[in-house]
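File shown: my_file-v2.cif (mmCIF, C-alpha atoms).
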data_protein
#
loop_
_atom_site.label_atom_id
_atom_site.label_comp_id
_atom_site.auth_asym_id
_atom_site.auth_seq_id
_atom_site.Cartn_x
_atom_site.Cartn_y
_atom_site.Cartn_z
CA MET A 295 -14.82 -5.31 9.75
CA SER A 296 -15.09 -7.06 6.35
CA ASN A 297 -16.13 -4.00 4.36
CA PRO A 298 -15.71 -0.47 5.76
CA PHE A 299 -18.06 0.92 3.13
CA ALA A 300 -20.89 -1.55 3.74
CA VAL A 301 -23.03 0.67 5.96
CA TYR A 302 -22.60 3.59 3.57
CA ALA A 303 -23.05 1.84 0.23
CA LYS A 304 -26.76 2.63 -0.03
CA HIS A 305 -25.99 6.33 0.41
CA TYR A 306 -23.04 6.65 -1.94
CA GLY A 307 -23.47 5.62 -5.57
CA VAL A 308 -19.74 6.07 -6.08
CA ILE A 309 -19.08 2.88 -4.10
CA ALA A 310 -21.00 0.75 -6.60
CA THR A 311 -19.29 2.56 -9.47
CA LEU A 312 -15.80 1.97 -8.11
CA GLU A 313 -16.59 -1.64 -7.27
CA SER A 314 -17.69 -2.28 -10.85
CA GLU A 315 -14.63 -0.54 -12.30
CA LEU A 316 -12.32 -2.39 -9.94
CA ARG A 317 -13.77 -5.73 -10.98
CA THR A 318 -13.45 -4.91 -14.68
CA GLY A 319 -9.86 -3.79 -14.22
CA LEU A 320 -8.94 -6.89 -12.22
CA GLU A 321 -10.64 -9.13 -14.78
CA ARG A 322 -8.53 -7.51 -17.49
CA PHE A 323 -5.41 -8.23 -15.44
CA TRP A 324 -6.32 -11.90 -14.90
CA GLU A 325 -7.36 -12.45 -18.52
CA THR A 326 -4.07 -10.99 -19.75
CA THR A 327 -2.13 -13.05 -17.21
CA ASP A 328 -3.86 -16.21 -18.38
CA THR A 329 -3.00 -15.40 -22.00
CA ILE A 330 0.67 -14.78 -21.15
CA LEU A 331 1.03 -18.00 -19.13
CA ASN A 332 -0.86 -20.06 -21.72
CA GLY A 333 1.53 -22.55 -23.30
CA SER A 334 3.95 -22.47 -20.40
CA SER A 335 4.31 -25.28 -17.89
CA ILE A 336 2.68 -23.11 -15.22
CA HIS A 337 -1.07 -23.00 -14.87
CA LEU A 338 -2.94 -20.06 -13.38
CA VAL A 339 -5.64 -20.60 -10.78
CA PRO A 340 -8.17 -17.76 -11.22
CA PRO A 341 -9.20 -15.91 -8.04
CA ASP A 342 -12.54 -16.65 -6.40
CA GLN A 343 -15.19 -13.96 -5.96
CA SER A 344 -13.62 -12.66 -2.75
CA GLY A 345 -10.57 -11.74 -4.79
CA PHE A 346 -12.60 -8.97 -6.43
CA SER A 347 -14.04 -7.51 -3.23
CA LEU A 348 -13.39 -3.96 -2.02
CA SER A 349 -12.06 -5.25 1.29
CA ARG A 350 -9.44 -7.44 -0.42
CA ASN A 351 -8.48 -4.56 -2.71
CA PHE A 352 -8.92 -1.64 -0.37
CA PHE A 353 -5.89 0.42 -1.32
CA SER A 354 -6.56 -0.23 -5.00
CA THR A 355 -10.01 1.23 -4.36
CA LEU A 356 -8.51 4.34 -2.75
CA PHE A 357 -6.24 4.83 -5.76
CA LEU A 358 -9.25 4.36 -8.04
CA TYR A 359 -11.15 6.94 -6.00
CA SER A 360 -8.30 9.44 -6.53
CA TYR A 361 -8.84 9.15 -10.29
CA TYR A 362 -12.59 9.51 -9.85
CA ARG A 363 -12.03 12.56 -7.65
CA ILE A 364 -10.45 14.60 -10.44
CA GLY A 365 -12.83 13.44 -13.16
CA ILE A 366 -10.81 10.89 -15.14
CA PRO A 367 -13.26 9.02 -17.42
CA SER A 368 -14.42 5.57 -16.31
CA GLU A 369 -12.73 3.76 -19.19
CA ARG A 370 -9.29 4.98 -18.18
CA ARG A 371 -10.01 4.41 -14.48
CA VAL A 372 -10.53 0.75 -15.42
CA LEU A 373 -7.19 0.80 -17.26
CA TYR A 374 -5.44 2.22 -14.20
CA ALA A 375 -7.09 -0.37 -11.93
CA ALA A 376 -5.53 -3.09 -14.10
CA VAL A 377 -2.20 -1.23 -14.15
CA ASN A 378 -2.18 -0.90 -10.36
CA GLN A 379 -2.72 -4.64 -9.97
CA CYS A 380 0.49 -5.07 -11.98
CA LEU A 381 2.34 -2.66 -9.69
CA ARG A 382 0.91 -4.51 -6.71
CA GLY A 383 2.30 -7.78 -8.06
CA MET A 384 5.75 -6.27 -8.54
CA VAL A 385 5.89 -4.63 -5.12
CA THR A 386 4.54 -7.67 -3.27
CA GLY A 387 6.89 -9.98 -5.15
CA CYS A 388 9.88 -7.84 -4.19
CA ASP A 389 8.74 -7.61 -0.57
CA ASN A 390 8.33 -11.39 -0.46
CA ILE A 391 11.91 -11.93 -1.59
CA LEU A 392 13.35 -9.31 0.76
CA ASP A 393 11.32 -10.58 3.73
CA ASP A 394 11.72 -14.28 2.86
CA GLU A 395 7.98 -14.91 2.89
CA TYR A 396 5.17 -15.38 0.40
CA LYS A 397 2.04 -13.28 0.22
CA THR A 398 0.06 -14.50 -2.74
CA THR A 399 -0.56 -12.31 -5.76
CA LEU A 400 -0.73 -15.10 -8.38
CA GLU A 401 -2.18 -18.47 -7.48
CA THR A 402 -0.63 -21.18 -9.66
CA ASP A 403 0.07 -24.91 -9.58
CA LEU A 404 3.68 -24.33 -8.50
CA PRO A 405 4.71 -26.04 -5.24
CA THR A 406 3.73 -23.94 -2.24
CA LYS A 407 7.24 -24.27 -0.81
CA ALA A 408 8.77 -22.69 -3.92
CA HIS A 409 8.09 -19.23 -2.53
CA ARG A 410 11.21 -17.57 -3.95
CA PHE A 411 10.51 -18.66 -7.52
CA ARG A 412 6.80 -17.89 -7.09
CA SER A 413 7.81 -14.34 -6.12
CA VAL A 414 10.13 -14.08 -9.13
CA LEU A 415 7.31 -15.32 -11.37
CA ASP A 416 4.91 -12.78 -9.89
CA ILE A 417 7.31 -9.96 -10.75
CA MET A 418 8.04 -11.21 -14.28
CA VAL A 419 4.38 -11.81 -15.11
CA ALA A 420 3.22 -8.49 -13.64
CA ASP A 421 5.80 -6.62 -15.73
CA ARG A 422 4.73 -8.36 -18.94
CA VAL A 423 1.05 -7.93 -18.22
CA LEU A 424 1.61 -4.23 -17.59
CA PHE A 425 3.18 -3.67 -20.98
CA ALA A 426 0.59 -5.86 -22.75
CA ILE A 427 -2.30 -3.92 -21.20
CA LEU A 428 -0.75 -0.55 -22.00
CA GLN A 429 0.10 -1.56 -25.57
CA ASP A 430 -3.40 -2.90 -26.19
CA TYR A 431 -4.97 0.29 -24.87
CA CYS A 432 -2.77 2.46 -27.07
CA LEU A 433 -3.53 0.38 -30.17
CA THR A 434 -7.29 0.46 -29.63
CA HIS A 435 -7.58 4.12 -28.61
CA ASP A 436 -5.39 5.90 -31.17
CA PHE A 437 -2.56 6.62 -28.75
CA PRO A 438 0.99 6.24 -30.10
CA VAL A 439 2.32 2.79 -29.17
CA ASP A 440 5.50 4.47 -27.98
CA LEU A 441 3.42 5.83 -25.09
CA ALA A 442 3.12 2.30 -23.71
CA LEU A 443 6.89 2.04 -23.46
CA LYS A 444 7.13 5.48 -21.86
CA ALA A 445 4.43 4.54 -19.35
CA SER A 446 6.15 1.26 -18.50
CA THR A 447 9.41 3.13 -17.95
CA ALA A 448 7.67 5.76 -15.81
CA SER A 449 6.23 3.08 -13.54
CA LEU A 450 9.66 1.51 -13.06
CA GLN A 451 11.22 4.86 -12.25
CA ALA A 452 8.46 5.57 -9.71
CA LEU A 453 8.82 2.20 -7.99
CA THR A 454 12.62 2.32 -7.84
CA ARG A 455 12.49 5.53 -5.83
CA SER A 456 11.00 3.45 -3.04
CA GLY A 457 13.16 0.43 -3.87
CA VAL A 458 16.42 2.32 -3.43
CA GLN A 459 15.46 3.10 0.15
CA GLU A 460 14.61 -0.58 0.80
CA ALA A 461 18.00 -1.56 -0.61
CA SER A 462 19.76 0.75 1.82
CA GLU A 463 18.45 -1.31 4.75
CA GLU A 464 19.36 -4.77 3.43
CA GLY A 465 22.63 -4.99 5.32
CA GLY A 466 21.12 -3.54 8.48
CA ILE A 467 21.36 0.03 9.76
CA GLU A 468 24.16 1.39 11.90
CA GLU A 469 22.24 3.98 13.92
CA ARG A 470 18.73 4.72 15.11
CA LEU A 471 17.84 7.99 13.39
CA ASP A 472 15.83 10.85 14.89
CA PRO A 473 12.08 10.29 14.34
CA ASP A 474 11.70 13.37 12.14
CA ILE A 475 14.52 12.14 9.89
CA VAL A 476 12.86 8.72 9.64
CA LEU A 477 9.67 10.37 8.38
CA ARG A 478 11.41 12.82 6.01
CA LYS A 479 14.13 10.59 4.55
CA ILE A 480 13.08 6.99 5.09
CA HIS A 481 9.30 6.65 5.17
CA HIS A 482 9.03 9.48 2.65
CA PHE A 483 10.33 7.07 0.00
CA LYS A 484 9.40 3.76 1.60
CA THR A 485 5.65 4.35 1.63
CA GLY A 486 4.72 7.98 0.95
CA VAL A 487 6.26 8.11 -2.53
CA LEU A 488 5.22 4.48 -3.12
CA PHE A 489 1.55 5.42 -2.70
CA GLN A 490 2.05 8.27 -5.17
CA SER A 491 3.58 5.91 -7.75
CA THR A 492 0.05 4.95 -8.79
CA TRP A 493 -0.07 8.33 -10.55
CA ALA A 494 3.08 7.79 -12.65
CA ILE A 495 1.17 6.30 -15.60
CA PRO A 496 -2.00 8.44 -15.37
CA ALA A 497 0.26 11.51 -15.48
CA LEU A 498 1.24 10.50 -19.02
CA PHE A 499 -2.24 9.69 -20.30
CA GLU A 500 -4.12 12.61 -18.77
CA LYS A 501 -3.72 16.08 -20.20
CA GLY A 502 -1.70 18.28 -17.90
CA GLY A 503 -1.74 18.48 -14.13
CA SER A 504 -3.87 20.58 -11.83
CA SER A 505 -3.89 21.76 -8.27
CA GLU A 506 -6.53 19.11 -7.52
CA THR A 507 -4.31 16.40 -9.00
CA GLN A 508 -1.47 17.52 -6.75
CA ALA A 509 -3.86 17.60 -3.78
CA VAL A 510 -4.99 13.98 -4.21
CA GLN A 511 -1.38 12.84 -4.59
CA GLU A 512 -0.48 14.64 -1.37
CA ALA A 513 -3.46 12.95 0.29
CA LEU A 514 -2.21 9.55 -0.86
CA TYR A 515 1.23 10.45 0.50
CA GLN A 516 -0.22 11.17 3.95
CA ILE A 517 -2.23 7.94 3.85
CA GLY A 518 0.96 6.06 3.04
CA ILE A 519 2.89 7.63 5.93
CA GLY A 520 0.02 6.91 8.34
CA CYS A 521 0.01 3.28 7.21
CA GLN A 522 3.77 3.03 7.67
CA ILE A 523 3.59 4.29 11.25
CA LEU A 524 0.91 1.67 11.94
CA ASP A 525 3.22 -0.93 10.37
CA ASP A 526 6.03 0.25 12.62
CA ILE A 527 3.82 -0.19 15.67
CA VAL A 528 3.23 -3.82 14.71
CA ASP A 529 6.79 -4.53 13.52
CA LEU A 530 8.66 -2.81 16.37
CA PHE A 531 10.53 -5.88 17.62
CA LEU A 532 10.94 -7.44 14.17
CA ASP A 533 12.54 -4.27 12.80
CA MET A 534 14.77 -4.00 15.86
CA ARG A 535 16.03 -7.57 15.42
CA GLU A 536 16.63 -7.07 11.69
CA ARG A 537 18.20 -3.64 12.25
CA ARG A 538 15.74 -1.78 10.08
CA HIS A 539 14.44 1.76 10.44
CA ASN A 540 11.33 2.01 12.59
CA TYR A 541 9.63 5.25 13.59
CA VAL A 542 8.35 3.92 16.92
CA ALA A 543 11.80 2.64 17.88
CA SER A 544 13.29 6.04 17.01
CA VAL A 545 10.72 7.81 19.17
CA ILE A 546 11.59 5.53 22.10
CA VAL A 547 15.34 6.04 21.67
CA HIS A 548 15.31 9.81 21.12
CA ARG A 549 12.23 11.15 22.93
CA GLU A 550 11.11 8.83 25.69
CA PRO A 551 12.49 8.18 29.20
CA GLU A 552 15.38 5.71 29.30
CA VAL A 553 13.24 3.19 31.15
CA LEU A 554 11.18 2.60 27.99
CA GLN A 555 14.28 1.87 25.95
CA LYS A 556 15.61 -0.52 28.59
CA GLN A 557 12.26 -2.31 28.79
CA MET A 558 12.11 -2.58 25.00
CA GLN A 559 15.61 -4.08 24.88
CA SER A 560 14.75 -6.48 27.70
CA MET A 561 11.60 -7.74 25.99
CA LEU A 562 13.41 -7.93 22.66
CA ALA A 563 15.98 -10.29 24.16
CA THR A 564 13.29 -12.61 25.55
CA GLU A 565 11.24 -12.87 22.33
CA HIS A 566 8.21 -11.06 23.74
CA ALA A 567 5.61 -9.75 21.33
CA PRO A 568 5.25 -5.96 20.97
CA ASP A 569 1.77 -6.22 22.52
CA CYS A 570 3.37 -7.05 25.85
CA PHE A 571 5.49 -3.91 25.66
CA TYR A 572 2.52 -1.74 24.70
CA ALA A 573 0.44 -3.23 27.51
CA THR A 574 3.18 -2.16 29.94
CA TYR A 575 3.16 1.38 28.54
CA PRO A 576 -0.43 2.01 27.37
CA GLU A 577 -0.06 5.81 27.37
CA PHE A 578 2.87 5.58 24.96
CA ALA A 579 1.02 3.06 22.80
CA GLY A 580 -2.00 5.37 22.70
CA ARG A 581 0.12 8.30 21.55
CA MET A 582 1.69 6.29 18.73
CA LYS A 583 -1.71 5.04 17.54
CA THR A 584 -3.16 8.54 17.72
CA GLU A 585 -0.28 9.95 15.68
CA ALA A 586 -0.67 7.27 13.02
CA LEU A 587 -4.47 7.67 12.84
CA THR A 588 -4.19 11.45 12.69
CA MET A 589 -1.87 11.27 9.68
CA LEU A 590 -4.00 8.58 8.04
CA GLU A 591 -7.27 10.42 8.57
CA ASN A 592 -5.82 13.73 7.38
CA GLY A 593 -4.96 11.99 4.12
CA LEU A 594 -8.38 10.35 3.81
CA ARG A 595 -10.13 13.63 4.67
CA HIS A 596 -8.29 15.43 1.87
CA LEU A 597 -8.85 12.56 -0.55
CA PHE A 598 -12.63 12.28 -0.10
CA ILE A 599 -14.95 14.99 -1.38
CA ASP A 600 -17.26 16.72 1.10
CA GLU A 601 -20.22 14.37 0.65
CA HIS A 602 -18.01 11.35 1.37
CA GLN A 603 -16.41 12.60 4.59
CA GLY A 604 -18.47 10.06 6.53
CA LEU A 605 -16.19 7.39 5.07
CA VAL A 606 -13.04 8.74 6.73
CA ARG A 607 -13.41 7.07 10.12
CA PRO A 608 -14.58 3.62 8.95
CA ALA A 609 -11.85 3.60 6.32
CA SER A 610 -9.12 4.47 8.84
CA LEU A 611 -10.32 1.86 11.33
CA PHE A 612 -10.45 -0.77 8.60
CA ILE A 613 -6.87 0.01 7.57
CA ALA A 614 -5.63 -0.12 11.16
CA ASP A 615 -7.38 -3.43 11.72
CA ARG A 616 -6.00 -4.87 8.48
CA ILE A 617 -2.45 -3.87 9.44
CA GLY A 618 -2.93 -5.41 12.88
CA VAL A 619 -3.31 -2.44 15.21
CA ARG A 620 -6.12 -2.65 17.74
CA ILE A 621 -7.82 0.68 18.30
CA ASN A 622 -9.39 1.32 21.69
CA GLN A 623 -13.03 2.34 21.27
CA LYS A 624 -12.49 5.27 23.64
CA MET A 625 -10.01 6.61 21.12
CA ASP A 626 -12.73 6.42 18.46
CA SER A 627 -15.27 8.53 20.31
#
As a first step, turn the structure in this file into structure tokens.
Amino acid sequence: MSNPFAVYAKHYGVIATLESELRTGLERFWETTDTILNGSSIHLVPPDQSGFSLSRNFFSTLFLYSYYRIGIPSERRVLYAAVNQCLRGMVTGCDNILDDEYKTTLETDLPTKAHRFRSVLDIMVADRVLFAILQDYCLTHDFPVDLALKASTASLQALTRSGVQEASEEGGIEERLDPDIVLRKIHHFKTGVLFQSTWAIPALFEKGGSSETQAVQEALYQIGIGCQILDDIVDLFLDMRERRHNYVASVIVHREPEVLQKQMQSMLATEHAPDCFYATYPEFAGRMKTEALTMLENGLRHLFIDEHQGLVRPASLFIADRIGVRINQKMDS
């Protein structure tokens, strides 16, 4: 599923609008990045056309839709699309370092094996691009320049709320918490609040809040939690080995028959993939997928306006597929 909106694009003009705004925002990010790196010993490789697609920037599109939903003008939606690409670079760079991997946000001529420094560069550049974009917008739109500094600070404060939780798991956890506690105290910050961080800067530029603003942020929160449960389905064994919190593991330990826990431990010791475990217990796997999709689709349903409700199911299936969770077609019907 390369584009979940493809079959609906001819019916919904908003898709074309958001695609155009996303491209303009991303172009602003890349142009500013190129300017900042110019003169350094590092050369930027601009993204190809696929780098601007909705499917490659799906969550960025959802965040952009949340601004559209409450009537933020197009010009500032473009600004926030560029801002969110900066936040994406920071978050991905941090995740890369913590997970000892490299998911590309900036393509440069640095050695591919230099993944730690590439991640550090991604974070440093994203932070500088963020301030440059905010400062330029303030200077050209009669906003006080001090607002750029306040906005930059607000974004850091929003991201660190999630970061503090990540830091708490670095040394490994000592106990497998109850599933409800994992959702309320761990995933709340890890992904729910992280998805809401995309509103930290708009909250400063837009005049006042509203019940609708709060509603779309709550929708993004639910989408984030649904995505995290899907992640936990995929990362069950990885999180167990690294002693990290995992909702699915907590459900098995606290709510399922002991035989499931013993089977999980047995497969964990023999380096089996989680798919083998889920194939052994398909009913359990189905319940976990249903719970994740229910949370995800509740968020999407509350995010999309009435005329766009037809996008809920294709969007949820696209997200699940992107995360790596196979959804049985019988579950879809």
Handout entry: Top pick for closest residue to Glu325 of chain A, considering A:Leu338, A:Ile364, A:Leu590, A:Val619 and counting only C-alpha atoms
Key =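 Among A:Leu338, A:Ile364, A:Leu590, A:Val619, it is A:Leu338 that comes nearest to Glu325 of chain A.
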Exercise for the section: Starting from the displayed file, determine the output of the PyMOL selection byres ((chain A and resi 431) around 12) and express the residue list as a PyMOL selection string. Expected result: chain A and resi 322+369-370+372-374+376-377+424-430+432-442+445+499
Handout entry: Residue nearest Asp342 of chain A among A:Ile517, A:Ala448, A:Val419, A:Arg317 (counting all atoms listed in the file)
Key =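 Answer, going by the shortest atom-to-atom distance: A:Arg317.
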Handout entry: Residues within 9 Å of (7.2, 5.1, 24.7), counting all atoms listed in the file, listed as a list in words
Key = Val542, Ala543, Val545, Ile546, Val547, Arg549, Glu550, Pro551, Leu554, Gln555, Tyr572, Tyr575, Pro576, Glu577, Phe578, Ala579, Arg581 and Met582 of chain A
Can you spit out the residues from that selection as a compact mmCIF listing (two decimals), in the frame of the given file, using C-alpha atoms?
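Output below, filename result-v7.txt:
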# COMPACT_ATOMS: atom_id res chain seq x y z
CA VAL A 542 8.35 3.92 16.92
CA ALA A 543 11.80 2.64 17.88
CA VAL A 545 10.72 7.81 19.17
CA ILE A 546 11.59 5.53 22.10
CA VAL A 547 15.34 6.04 21.67
CA ARG A 549 12.23 11.15 22.93
CA GLU A 550 11.11 8.83 25.69
CA PRO A 551 12.49 8.18 29.20
CA LEU A 554 11.18 2.60 27.99
CA GLN A 555 14.28 1.87 25.95
CA TYR A 572 2.52 -1.74 24.70
CA TYR A 575 3.16 1.38 28.54
CA PRO A 576 -0.43 2.01 27.37
CA GLU A 577 -0.06 5.81 27.37
CA PHE A 578 2.87 5.58 24.96
CA ALA A 579 1.02 3.06 22.80
CA ARG A 581 0.12 8.30 21.55
CA MET A 582 1.69 6.29 18.73
Residues selected by the PyMOL selection byres ((chain A and resi 470) around 8), written as a short mmCIF file (atom, residue, chain, number, x, y, z; two decimals) with C-alpha atoms, in the coordinates of the input:
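The resulting file, result_33.cif, is reproduced below:
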data_model
loop_
_atom_site.label_atom_id
_atom_site.label_comp_id
_atom_site.auth_asym_id
_atom_site.auth_seq_id
_atom_site.Cartn_x
_atom_site.Cartn_y
_atom_site.Cartn_z
CA ILE A 467 21.36 0.03 9.76
CA GLU A 468 24.16 1.39 11.90
CA GLU A 469 22.24 3.98 13.92
CA LEU A 471 17.84 7.99 13.39
CA ASP A 472 15.83 10.85 14.89
CA HIS A 539 14.44 1.76 10.44
CA ALA A 543 11.80 2.64 17.88
CA SER A 544 13.29 6.04 17.01
CA VAL A 547 15.34 6.04 21.67
#
Exercise for the section: Would you please work out which residue, of A:Gly618, A:Gly503, A:Gly518, A:Pro568, is nearest to Leu532 of chain A when using only C-alpha atoms? Expected result: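 Of all the options, A:Pro568 lies closest to Leu532 of chain A.
With all atoms listed in the file as the atoms that count, the residue of A:Gly465, A:Gln490, A:Asn390, A:Phe346 with the shortest distance to Glu536 of chain A is A:Gly465.
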Practice task
Please evaluate the PyMOL selection byres ((chain A and resi 403) around 8) against the structure above and give the resulting residues as a ChimeraX atom specification.
Solution key: /A:336-339,401-402,404-405
Handout entry: Radius query 10 Å about (-10.1, 13.4, 0.6), atoms used: all atoms listed in the file, as number ranges by chain
Key = A: 356, 359-360, 363, 509-510, 512-514, 591-600, 602-603, 605-606
Handout entry: atom CA of Cys388 of chain A to atom CA of Lys484 of chain A, straight-line distance in Å
Key =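 Between these atoms lies a distance of 13.0 Å.
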Practice task
Would you mind listing what lies within 12 Å of His481 of chain A as a ChimeraX atom specification, with only C-alpha atoms counted and same-chain residues fewer than 6 positions away left out?
Solution key: /A:455-460,471,473-475,487-489,515-526,538-541
Exercise for the section: Can you work out which one of A:Gly466, A:Arg382, A:Leu320, A:Phe353 has the shortest atom-to-atom distance to Met534 of chain A, counting all atoms listed in the file? Expected result: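 Closest to Met534 of chain A of all the choices is A:Gly466.
If you measure from each of A:Leu587, A:Ile495, A:Leu381, A:Ala452 to Asn622 of chain A using only C-alpha atoms, the closest one turns out to be A:Leu587.
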Problem - Surrounding residues of Leu392 of chain A excluding itself and chain neighbours under 2 positions, 10 Å, all atoms listed in the file, as a list in words - result: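 Returned residues: Thr386, Gly387, Cys388, Asp389, Asn390, Asp394, Glu395, Arg410, Glu460, Ala461 and Glu464 of chain A.
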Exercise for the section: Just give me the gap between atom CA of Asp328 of chain A and atom CA of Leu443 of chain A in Å, one decimal is fine. Expected result: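 Between atom CA of Asp328 of chain A and atom CA of Leu443 of chain A the gap is 21.8 Å.
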Exercise for the section: Can you pull out every residue within 9 Å of Ile330 of chain A, counting only C-alpha atoms, but drop anything in the same chain fewer than 3 positions away, and send it as a PyMOL selection string? Expected result: chain A and resi 325-327+333-334+419+422-423
